[in-house]
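Listing of protein32.cif; format and content: mmCIF, C-alpha atoms (C1' of nucleotides).
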data_upload
#
loop_
_atom_site.label_atom_id
_atom_site.label_comp_id
_atom_site.auth_asym_id
_atom_site.auth_seq_id
_atom_site.Cartn_x
_atom_site.Cartn_y
_atom_site.Cartn_z
CA MET A 1 293.36 108.10 122.59
CA ARG A 2 289.90 109.09 121.44
CA VAL A 3 290.09 108.24 117.77
CA PRO A 4 292.83 105.81 116.78
CA LYS A 5 295.64 107.43 114.85
CA ARG A 6 295.03 105.33 111.79
CA GLU A 7 291.39 106.36 111.49
CA ARG A 8 292.22 110.03 112.07
CA GLN A 9 294.78 109.95 109.26
CA ARG A 10 292.26 108.36 106.93
CA GLN A 11 289.73 111.08 107.69
CA LEU A 12 292.42 113.69 107.31
CA GLY A 13 293.08 112.52 103.79
CA ILE A 14 289.39 112.64 102.95
CA SER A 15 288.93 116.09 104.47
CA LEU A 16 291.81 117.53 102.51
CA GLU A 17 290.69 115.91 99.30
CA GLN A 18 287.32 117.58 99.64
CA ASN A 19 288.74 120.87 100.83
CA PRO A 20 292.44 121.43 100.19
CA PHE A 21 292.19 124.93 101.66
CA LEU A 22 292.34 123.84 105.30
CA THR A 23 295.34 124.96 107.34
CA ASP A 24 296.98 122.73 109.95
CA GLU A 25 295.48 124.86 112.66
CA GLU A 26 291.95 124.48 111.32
CA LEU A 27 292.52 120.75 111.02
CA SER A 28 293.85 120.53 114.56
CA ARG A 29 290.60 122.06 115.78
CA GLN A 30 288.55 119.75 113.60
CA PHE A 31 290.21 116.64 115.01
CA ASN A 32 290.79 117.93 118.53
CA VAL A 33 294.52 117.34 118.45
CA SER A 34 297.50 119.65 118.43
CA VAL A 35 298.88 121.29 115.34
CA GLN A 36 302.02 119.19 115.70
CA THR A 37 300.03 115.98 115.54
CA ILE A 38 298.47 117.15 112.30
CA ARG A 39 301.92 117.90 110.94
CA LEU A 40 303.14 114.43 111.89
CA ASP A 41 300.08 112.89 110.28
CA ARG A 42 300.64 114.82 107.07
CA LEU A 43 304.26 113.79 107.12
CA GLU A 44 303.39 110.12 107.54
CA CYS A 45 300.75 110.23 104.84
CA GLY A 46 302.87 112.25 102.47
CA ILE A 47 300.33 115.05 102.28
CA PRO A 48 301.96 118.34 101.32
CA GLU A 49 301.37 121.63 103.08
CA LEU A 50 298.55 124.04 102.27
CA ARG A 51 300.58 126.18 99.89
CA GLU A 52 301.78 123.20 97.89
CA ARG A 53 298.28 121.78 97.73
CA LEU A 54 296.88 125.01 96.36
CA LYS A 55 299.68 125.16 93.84
CA THR A 56 298.84 121.76 92.41
CA VAL A 57 295.11 122.42 92.43
CA ALA A 58 295.70 125.72 90.63
CA ALA A 59 298.00 124.03 88.15
CA ARG A 60 295.29 121.51 87.40
CA THR A 61 292.91 124.37 86.65
CA MET A 62 295.21 126.13 84.25
CA GLU A 63 295.80 122.90 82.40
CA ALA A 64 292.10 122.14 82.25
CA GLU A 65 291.35 125.63 80.97
CA VAL A 66 293.87 125.43 78.20
CA LYS A 67 292.63 121.98 77.34
CA SER A 68 288.98 122.95 77.28
CA LEU A 69 289.76 125.96 75.13
CA GLN A 70 291.56 124.03 72.47
CA SER A 71 289.31 121.01 72.63
CA ASP A 72 286.29 123.25 72.36
CA GLU A 73 286.83 124.07 68.73
CA VAL A 74 286.87 120.45 67.66
CA ILE A 75 285.70 117.59 69.84
CA GLY A 76 288.18 114.82 69.23
CA GLU A 77 291.49 115.14 67.48
CA ILE A 78 291.57 115.52 63.73
CA VAL A 79 294.15 113.15 62.32
CA ASP A 80 293.49 113.49 58.60
CA ILE A 81 291.65 116.04 56.55
CA GLU A 82 291.10 116.87 52.90
CA LEU A 83 289.02 120.02 52.83
CA ASP A 84 285.57 119.77 51.30
CA LYS A 85 286.10 116.05 50.80
CA ARG A 86 286.74 113.99 53.89
CA ALA A 87 288.18 114.03 57.39
CA ILE A 88 288.96 111.67 60.24
CA SER A 89 289.05 112.36 63.95
CA ILE A 90 289.82 110.31 67.03
CA PHE A 91 288.03 110.65 70.33
CA ASP A 92 289.03 108.73 73.42
CA VAL A 93 286.07 108.04 75.67
CA SER A 94 286.85 108.34 79.37
CA GLU A 95 284.95 108.15 82.62
CA GLU A 96 283.61 111.68 82.38
CA HIS A 97 281.81 110.91 79.12
CA VAL A 98 279.70 108.01 80.32
CA PHE A 99 276.60 107.56 82.43
CA GLN A 100 277.58 106.59 85.95
CA ARG A 101 274.80 104.08 86.09
CA ASN A 102 275.64 101.91 83.14
CA GLY A 103 279.04 103.11 81.89
CA ILE A 104 277.71 103.86 78.43
CA ALA A 105 278.88 106.98 76.61
CA ARG A 106 276.36 109.79 76.53
CA GLY A 107 275.02 110.34 73.05
CA HIS A 108 275.93 113.97 72.82
CA HIS A 109 279.63 113.24 72.93
CA LEU A 110 279.41 111.05 69.86
CA PHE A 111 277.27 113.67 68.23
CA ALA A 112 279.72 116.40 69.20
CA GLN A 113 282.62 114.57 67.62
CA ALA A 114 280.69 113.92 64.42
CA ASN A 115 279.18 117.37 64.21
CA SER A 116 282.40 119.23 64.81
CA LEU A 117 284.11 117.05 62.24
CA ALA A 118 281.38 117.92 59.75
CA VAL A 119 281.98 121.60 60.46
CA ALA A 120 285.74 121.25 60.19
CA VAL A 121 285.73 119.43 56.88
CA LEU A 122 283.86 122.26 55.21
CA ASP A 123 286.51 124.92 55.72
CA ASP A 124 283.95 127.66 55.90
CA ASP A 125 283.77 130.53 58.33
CA LEU A 126 280.10 130.03 58.79
CA ALA A 127 279.25 126.39 58.35
CA LEU A 128 276.18 125.58 60.42
CA THR A 129 274.24 122.41 60.91
CA VAL A 130 270.68 122.68 59.63
CA THR A 131 269.37 119.18 59.89
CA SER A 132 270.78 115.89 60.89
CA THR A 133 269.75 112.32 61.37
CA LEU A 134 271.61 110.09 63.78
CA HIS A 135 271.79 106.41 64.50
CA PHE A 136 273.38 105.08 67.65
CA LEU A 137 274.06 101.49 66.69
CA ARG A 138 276.13 100.11 69.52
CA PRO A 139 276.83 101.36 73.05
CA VAL A 140 280.27 102.90 73.51
CA LYS A 141 282.11 102.42 76.80
CA ALA A 142 284.80 104.28 78.68
CA GLY A 143 288.21 103.40 77.30
CA ASP A 144 286.92 102.98 73.74
CA ARG A 145 288.64 104.91 70.98
CA VAL A 146 286.08 106.26 68.57
CA ILE A 147 287.23 106.97 65.04
CA ALA A 148 284.89 109.21 63.07
CA ARG A 149 285.11 109.46 59.29
CA ALA A 150 283.35 112.32 57.54
CA ILE A 151 282.66 112.28 53.83
CA VAL A 152 281.24 115.21 51.90
CA ASP A 153 278.50 114.09 49.56
CA LYS A 154 279.22 116.19 46.48
CA ASP A 155 276.29 114.92 44.43
CA ARG A 156 273.58 116.05 46.81
CA SER A 157 275.25 119.35 47.64
CA ASN A 158 274.62 122.69 46.00
CA ASP A 159 275.58 126.33 46.52
CA LYS A 160 274.08 126.79 49.93
CA ARG A 161 273.68 123.26 51.20
CA THR A 162 276.27 120.60 51.73
CA PHE A 163 275.64 117.05 52.89
CA VAL A 164 278.19 115.37 55.11
CA GLU A 165 278.03 111.79 56.24
CA VAL A 166 279.87 110.64 59.31
CA PHE A 167 280.57 107.05 60.36
CA SER A 168 282.04 106.40 63.77
CA THR A 169 283.68 103.11 64.59
CA VAL A 170 285.22 101.40 67.60
CA GLU A 171 287.59 98.62 66.63
CA ASN A 172 286.20 98.46 63.11
CA GLU A 173 282.65 98.14 64.30
CA THR A 174 280.31 100.96 63.40
CA VAL A 175 278.82 102.45 66.54
CA PHE A 176 277.26 105.61 65.18
CA THR A 177 276.27 107.16 61.87
CA GLY A 178 275.13 110.68 61.22
CA GLU A 179 273.95 112.59 58.22
CA PHE A 180 274.44 116.34 58.38
CA GLU A 181 272.91 118.92 56.14
CA MET A 182 275.13 121.94 56.48
CA TYR A 183 274.48 125.55 55.62
CA GLN A 184 277.33 127.54 54.13
CA THR A 185 277.50 131.27 53.56
CA THR A 186 280.42 131.23 51.22
CA ASP A 187 279.27 130.85 47.65
CA GLN A 188 280.59 127.44 46.68
CA SER A 189 280.76 128.34 42.96
CA ARG A 190 283.27 131.07 43.79
CA ARG A 191 285.39 128.78 45.90
CA LYS A 192 288.77 127.23 45.24
CA SER A 193 289.87 130.50 43.63
CA MET B 1 313.77 154.67 82.61
CA ARG B 2 313.97 151.94 80.02
CA VAL B 3 310.34 150.92 79.76
CA PRO B 4 307.83 153.50 80.94
CA LYS B 5 306.13 152.56 84.18
CA ARG B 6 302.71 152.44 82.60
CA GLU B 7 303.73 149.96 79.93
CA ARG B 8 305.53 147.78 82.45
CA GLN B 9 302.45 147.57 84.61
CA ARG B 10 300.35 146.62 81.59
CA GLN B 11 302.74 143.82 80.73
CA LEU B 12 302.84 142.78 84.36
CA GLY B 13 299.10 142.27 84.31
CA ILE B 14 299.28 140.22 81.15
CA SER B 15 302.14 138.09 82.45
CA LEU B 16 300.32 137.27 85.64
CA GLU B 17 297.10 136.52 83.85
CA GLN B 18 298.88 133.97 81.72
CA ASN B 19 300.94 132.61 84.58
CA PRO B 20 299.75 133.44 88.08
CA PHE B 21 302.55 131.33 89.57
CA LEU B 22 305.26 133.97 89.20
CA THR B 23 306.81 135.35 92.38
CA ASP B 24 307.79 138.99 92.75
CA GLU B 25 311.41 138.00 92.50
CA GLU B 26 310.91 136.19 89.22
CA LEU B 27 308.98 139.15 87.91
CA SER B 28 311.69 141.57 88.99
CA ARG B 29 314.16 139.61 86.90
CA GLN B 30 311.78 139.46 83.97
CA PHE B 31 311.34 143.25 83.91
CA ASN B 32 314.82 144.16 85.09
CA VAL B 33 313.63 146.17 88.05
CA SER B 34 313.87 145.67 91.80
CA VAL B 35 311.50 143.51 93.77
CA GLN B 36 310.19 146.65 95.48
CA THR B 37 309.18 148.16 92.18
CA ILE B 38 307.19 145.06 91.35
CA ARG B 39 305.50 145.30 94.73
CA LEU B 40 304.60 148.94 94.11
CA ASP B 41 303.29 148.04 90.67
CA ARG B 42 301.12 145.27 92.07
CA LEU B 43 299.89 147.63 94.75
CA GLU B 44 298.94 150.30 92.21
CA CYS B 45 297.25 147.79 89.92
CA GLY B 46 295.49 146.01 92.74
CA ILE B 47 297.09 142.70 91.87
CA PRO B 48 297.21 140.39 94.89
CA GLU B 49 300.24 138.43 96.00
CA LEU B 50 301.17 134.99 94.71
CA ARG B 51 299.48 133.05 97.48
CA GLU B 52 296.22 134.92 97.09
CA ARG B 53 296.32 134.46 93.33
CA LEU B 54 296.77 130.72 93.66
CA LYS B 55 293.97 130.60 96.18
CA THR B 56 291.48 132.16 93.79
CA VAL B 57 292.65 130.06 90.86
CA ALA B 58 292.33 126.92 92.97
CA ALA B 59 288.90 127.99 94.19
CA ARG B 60 287.80 128.42 90.60
CA THR B 61 288.86 124.83 89.92
CA MET B 62 286.98 123.32 92.79
CA GLU B 63 283.87 125.20 91.78
CA ALA B 64 284.22 124.13 88.19
CA GLU B 65 284.72 120.51 89.21
CA VAL B 66 281.64 120.41 91.34
CA LYS B 67 279.69 122.18 88.63
CA SER B 68 280.85 119.87 85.86
CA LEU B 69 280.05 116.85 87.98
CA GLN B 70 276.49 117.83 88.63
CA SER B 71 275.85 119.37 85.25
CA ASP B 72 277.23 116.29 83.57
CA GLU B 73 274.22 114.18 84.30
CA VAL B 74 271.87 116.66 82.68
CA ILE B 75 272.94 119.46 80.38
CA GLY B 76 270.79 122.41 81.34
CA GLU B 77 268.69 122.69 84.45
CA ILE B 78 265.47 120.75 84.68
CA VAL B 79 262.72 123.04 85.93
CA ASP B 80 259.70 120.83 85.48
CA ILE B 81 259.24 117.16 84.93
CA GLU B 82 256.41 114.66 84.80
CA LEU B 83 258.02 111.27 84.33
CA ASP B 84 257.25 109.41 81.13
CA LYS B 85 255.23 112.38 79.94
CA ARG B 86 257.04 115.68 79.60
CA ALA B 87 259.90 117.77 80.94
CA ILE B 88 261.35 121.24 80.60
CA SER B 89 264.93 122.38 80.99
CA ILE B 90 266.73 125.69 80.80
CA PHE B 91 270.18 126.19 79.37
CA ASP B 92 271.97 129.51 79.42
CA VAL B 93 274.29 129.90 76.48
CA SER B 94 277.57 131.60 77.33
CA GLU B 95 280.79 132.44 75.55
CA GLU B 96 282.24 128.97 75.94
CA HIS B 97 279.40 127.43 73.97
CA VAL B 98 279.75 129.46 70.80
CA PHE B 99 282.08 129.54 67.81
CA GLN B 100 284.65 132.27 68.30
CA ARG B 101 284.34 133.25 64.67
CA ASN B 102 280.67 134.00 64.47
CA GLY B 103 279.33 133.84 68.03
CA ILE B 104 276.80 131.15 67.16
CA ALA B 105 276.19 128.30 69.57
CA ARG B 106 277.73 125.01 68.55
CA GLY B 107 275.11 122.49 67.58
CA HIS B 108 276.18 119.83 70.01
CA HIS B 109 275.23 121.92 73.00
CA LEU B 110 271.66 122.24 71.82
CA PHE B 111 271.67 118.55 71.05
CA ALA B 112 273.11 117.75 74.48
CA GLN B 113 270.38 119.70 76.24
CA ALA B 114 267.65 118.04 74.21
CA ASN B 115 269.14 114.57 74.39
CA SER B 116 269.77 114.59 78.11
CA LEU B 117 266.25 115.89 78.65
CA ALA B 118 264.92 113.03 76.58
CA VAL B 119 266.89 110.61 78.74
CA ALA B 120 265.75 112.27 81.97
CA VAL B 121 262.06 112.25 81.12
CA LEU B 122 262.06 108.48 80.70
CA ASP B 123 263.05 107.62 84.27
CA ASP B 124 264.81 104.47 83.22
CA ASP B 125 268.16 103.17 84.35
CA LEU B 126 269.10 102.32 80.85
CA ALA B 127 267.47 104.73 78.44
CA LEU B 128 269.62 105.07 75.35
CA THR B 129 269.20 107.07 72.21
CA VAL B 130 268.88 104.89 69.15
CA THR B 131 267.99 107.28 66.39
CA SER B 132 267.30 110.94 66.18
CA THR B 133 266.53 113.61 63.67
CA LEU B 134 267.41 117.21 64.36
CA HIS B 135 266.55 120.57 62.88
CA PHE B 136 268.53 123.65 63.73
CA LEU B 137 266.11 126.38 62.75
CA ARG B 138 267.67 129.59 64.02
CA PRO B 139 271.18 130.42 65.20
CA VAL B 140 271.51 130.75 68.96
CA LYS B 141 273.90 133.33 70.43
CA ALA B 142 275.77 133.73 73.68
CA GLY B 143 273.47 135.17 76.35
CA ASP B 144 270.41 133.42 74.97
CA ARG B 145 268.37 131.33 77.37
CA VAL B 146 267.25 128.15 75.64
CA ILE B 147 264.14 126.46 76.97
CA ALA B 148 263.74 122.86 75.88
CA ARG B 149 260.41 121.06 76.17
CA ALA B 150 260.33 117.30 75.83
CA ILE B 151 257.14 115.39 75.18
CA VAL B 152 256.86 111.63 75.21
CA ASP B 153 254.88 110.39 72.25
CA LYS B 154 252.82 107.62 73.82
CA ASP B 155 251.08 106.57 70.63
CA ARG B 156 254.18 105.66 68.73
CA SER B 157 255.90 104.03 71.67
CA ASN B 158 255.90 100.36 72.58
CA ASP B 159 257.59 98.05 75.06
CA LYS B 160 261.12 98.59 73.93
CA ARG B 161 260.94 101.84 72.02
CA THR B 162 259.85 105.25 73.15
CA PHE B 163 259.62 108.37 71.02
CA VAL B 164 260.41 111.72 72.56
CA GLU B 165 260.04 115.04 70.82
CA VAL B 166 261.96 118.07 71.99
CA PHE B 167 261.34 121.68 71.01
CA SER B 168 263.84 124.30 72.06
CA THR B 169 262.93 127.96 72.07
CA VAL B 170 264.62 131.29 72.72
CA GLU B 171 262.18 134.02 73.61
CA ASN B 172 259.26 132.03 72.27
CA GLU B 173 260.90 131.41 68.95
CA THR B 174 261.69 127.82 68.10
CA VAL B 175 265.40 127.44 67.44
CA PHE B 176 265.74 123.68 67.45
CA THR B 177 263.63 120.57 67.22
CA GLY B 178 264.66 117.00 67.76
CA GLU B 179 262.96 113.66 67.55
CA PHE B 180 264.48 110.92 69.66
CA GLU B 181 263.81 107.25 69.42
CA MET B 182 264.86 105.83 72.77
CA TYR B 183 265.65 102.30 73.77
CA GLN B 184 264.53 101.16 77.21
CA THR B 185 265.49 97.99 79.00
CA THR B 186 262.77 98.11 81.59
CA ASP B 187 259.68 96.37 80.37
CA GLN B 188 257.16 99.18 80.06
CA SER B 189 254.20 96.85 80.59
CA ARG B 190 255.52 96.02 84.06
CA ARG B 191 256.08 99.67 84.94
CA LYS B 192 254.14 101.97 87.22
CA SER B 193 253.72 99.04 89.64
"C1'" DT C 1 306.18 99.29 137.38
"C1'" DC C 2 308.37 100.17 133.24
"C1'" DC C 3 308.45 100.41 128.09
"C1'" DG C 4 307.08 102.34 123.81
"C1'" DG C 5 304.22 104.53 120.71
"C1'" DA C 6 301.47 108.72 120.45
"C1'" DT C 7 301.08 113.24 121.42
"C1'" DT C 8 302.41 117.79 122.56
"C1'" DA C 9 305.65 121.77 123.15
"C1'" DG C 10 309.23 124.79 121.86
"C1'" DC C 11 312.64 126.86 119.02
"C1'" DA C 12 315.21 128.09 114.85
"C1'" DC C 13 314.61 128.76 110.14
"C1'" DT C 14 312.14 129.33 105.34
"C1'" DT C 15 309.09 131.61 101.67
"C1'" DG C 16 306.83 135.08 99.89
"C1'" DG C 17 304.97 138.23 101.04
"C1'" DT C 18 302.86 143.40 103.67
"C1'" DA C 19 303.65 147.98 105.59
"C1'" DC C 20 306.35 151.52 106.24
"C1'" DT C 21 310.43 154.74 106.05
"C1'" DA C 22 314.34 156.52 103.98
"C1'" DA C 23 317.61 157.18 100.51
"C1'" DT C 24 318.70 157.87 95.64
"C1'" DA C 25 318.16 158.73 90.79
"C1'" DC C 26 316.67 161.20 87.08
"C1'" DC C 27 314.33 164.40 84.29
"C1'" DA C 28 312.00 168.84 83.36
"C1'" DG C 29 311.17 173.60 84.10
"C1'" DT C 30 312.67 177.96 85.38
"C1'" DA D 1 322.70 175.41 88.23
"C1'" DC D 2 318.88 174.72 91.48
"C1'" DT D 3 314.52 172.76 92.69
"C1'" DG D 4 310.61 169.78 92.54
"C1'" DG D 5 308.35 165.73 91.63
"C1'" DT D 6 308.08 161.18 90.17
"C1'" DA D 7 310.22 156.71 89.96
"C1'" DT D 8 313.03 153.53 91.83
"C1'" DT D 9 315.64 151.15 95.22
"C1'" DA D 10 317.04 149.73 99.93
"C1'" DG D 11 316.19 148.38 104.44
"C1'" DT D 12 313.63 147.13 108.48
"C1'" DA D 13 309.98 144.97 111.21
"C1'" DC D 14 306.43 141.84 110.91
"C1'" DC D 15 303.09 137.97 109.31
"C1'" DA D 16 301.23 133.29 107.86
"C1'" DA D 17 301.96 128.77 107.29
"C1'" DG D 18 304.75 126.08 107.13
"C1'" DT D 19 309.64 122.44 107.82
"C1'" DG D 20 312.95 120.18 110.88
"C1'" DC D 21 314.54 119.05 114.99
"C1'" DT D 22 314.76 118.05 120.06
"C1'" DA D 23 312.63 117.33 124.25
"C1'" DA D 24 309.00 116.57 127.37
"C1'" DT D 25 304.70 114.31 128.61
"C1'" DC D 26 300.91 111.06 128.41
"C1'" DC D 27 298.82 106.77 128.50
"C1'" DG D 28 297.89 101.97 128.02
"C1'" DG D 29 299.30 97.20 128.31
"C1'" DA D 30 302.43 93.07 129.65
#
Conversion result in structure tokens:
Amino acid sequence: MRVPKRERQRQLGISLEQNPFLTDEELSRQFNVSVQTIRLDRLECGIPELRERLKTVAARTMEAEVKSLQSDEVIGEIVDIELDKRAISIFDVSEEHVFQRNGIARGHHLFAQANSLAVAVLDDDLALTVTSTLHFLRPVKAGDRVIARAIVDKDRSNDKRTFVEVFSTVENETVFTGEFEMYQTTDQSRRKS
Amino acid sequence: MRVPKRERQRQLGISLEQNPFLTDEELSRQFNVSVQTIRLDRLECGIPELRERLKTVAARTMEAEVKSLQSDEVIGEIVDIELDKRAISIFDVSEEHVFQRNGIARGHHLFAQANSLAVAVLDDDLALTVTSTLHFLRPVKAGDRVIARAIVDKDRSNDKRTFVEVFSTVENETVFTGEFEMYQTTDQSRRKS
DNA sequence: TCCGGATTAGCACTTGGTACTAATACCAGT
DNA sequence: ACTGGTATTAGTACCAAGTGCTAATCCGGA
């Protein structure tokens, strides 16, 4: 018994996690055991066969693609909106949004939520950000639910320029504020037919 | 001949693009033809079998996962860096970064490139953005290669605060500028041992 | 020396195919 | 009505990568 069974099974799991494309035969060569041993190991560990593994990996892709497509238009989920006035979106921070080193959310995700909310509230085919000023007040961690509130500043806006202010909070504490000067092509005086 | 062959093959392609998990048998039921006909159609259209389809879809996932992991730390690729002084990164804008409606890059991608470059140039375990002011000067389109240059403003910086300026250009034309006030935990006076 | 877990071998069977051949079906043109 | 050509269907042998099961073999320790 070169490598104890237990250790081999552990490595098997790791190998397949890294590369789910390995067949039993390839694995048997890798571990210097027979194909049958590999099968028994997979059975004991509850690891499905190659075809099943690929199926689940592929399924994960499709899901991710759909998700990234829909979540690309607006970062965060809009829960309330009154066009040209105000809007609210929710964004759940997870592991992939934070720095590995300190667990703090990367600034651009907070910006993305705020910016896309500013775009969405304007209901214009060509609303673009021209200038913006941001303040990151408190660090945001994985697991936090960030609620962003956008308010269109009517007073400072004119035909071509609209000012949107966004406040993002986590548990009622403001973590981020942003001021966005937006450019709009649509003539605002002709709007609201 | 209910549906002409040509049309059926077109639909077949669409079906499989949306859902690569369909077996020939399921497809034969969907189109009310024999399994053999489906096989001939796939052959003529050069569409591989189920297992091969899943393999490529799964491969795409793995690639994307690796890519997103490495590209998550820094948005864009750093091509030159002198710590605490300056840095340059390149970011190729593709279809997934732009608004579908007008083909213009979404602001948060430009911000992400600039912001992560500002973080990278500081070489600090806990460099966080506190405040920033952005100017989006020209629209950026898919296919554009954005070059961001970050410069640390030594004069305005002190122990706890560092100012970084980022200029992003496309073909020598400035498309974006950002000023980042960064917070650093490491005591700068004790740095550079 | 004998027991028991670990390993290996062998065989039948399954899925979802390929590759190939042969039989129909159907429609148009003459 | 006959013929030709395309489209479709059927059937067979075979493959990869398995599952499930039984049986044989190995090997190490009390």
Taking only C-alpha atoms into account, what are the residues of chain B at most 6 Å from chain A, put as an MDAnalysis selection string? chainID B and resid 54 57:58 61 108 112 130:136
Determine, using only C-alpha atoms (C1' of nucleotides), which residues of chain B have any atom at most 9 Å from an atom of chain C, and tabulate each with its shortest atom pair and distance in Å to one decimal place, rows ordered by chain and then rising number, as CSV.
residue,atom,partner,partner_atom,distance
B:Met1,CA,C:DC26,C1',8.4
B:Thr23,CA,C:DG16,C1',7.5
B:Asp24,CA,C:DG16,C1',8.2
B:Glu49,CA,C:DG17,C1',6.9
B:Leu50,CA,C:DG16,C1',7.7
B:Arg51,CA,C:DG16,C1',8.0
Picked residues, the PyMOL selection byres ((chain D) within 12 of (chain A)), expected as a count of residues only: 8
Name the residues captured by the PyMOL selection byres ((chain A and resi 40) around 12) when it is applied to the shown file; answer as a list in words. Lys5, Arg8, Gln9, Leu12, Asp24, Ser28, Val33, Ser34, Val35, Gln36, Thr37, Ile38, Arg39, Asp41, Arg42, Leu43, Glu44, Cys45, Gly46, Ile47, Pro48 and Glu49 of chain A; DA6, DT7 and DT8 of chain C; DT19 and DG20 of chain D
Exactly which residues make up the result of the PyMOL selection byres ((chain A and resi 166-173) around 6) on this file, given as a list of chain:residue names?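 For this structure, the PyMOL selection byres ((chain A and resi 166-173) around 6) resolves to A:Arg145, A:Val146, A:Ile147, A:Ala148, A:Arg149, A:Ala150, A:Glu165, A:Thr174, A:Val175, A:Phe176, A:Thr177, A:Gly178.
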At what distance in Å, to one decimal, does CA of Leu117 in chain A lie from CA of Ser94 in chain A? 19.4 Å
Quick one: distance from CA of Lys85 in chain B to CA of Arg161 in chain B in Å, one decimal?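 CA of Arg161 in chain B lies at a distance of 14.4 Å from CA of Lys85 in chain B.
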Point-to-point distance from CA of Arg156 in chain B to CA of Arg86 in chain B, Å rounded to tenths: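 Calculated distance between CA of Arg156 in chain B and CA of Arg86 in chain B is 15.1 Å.
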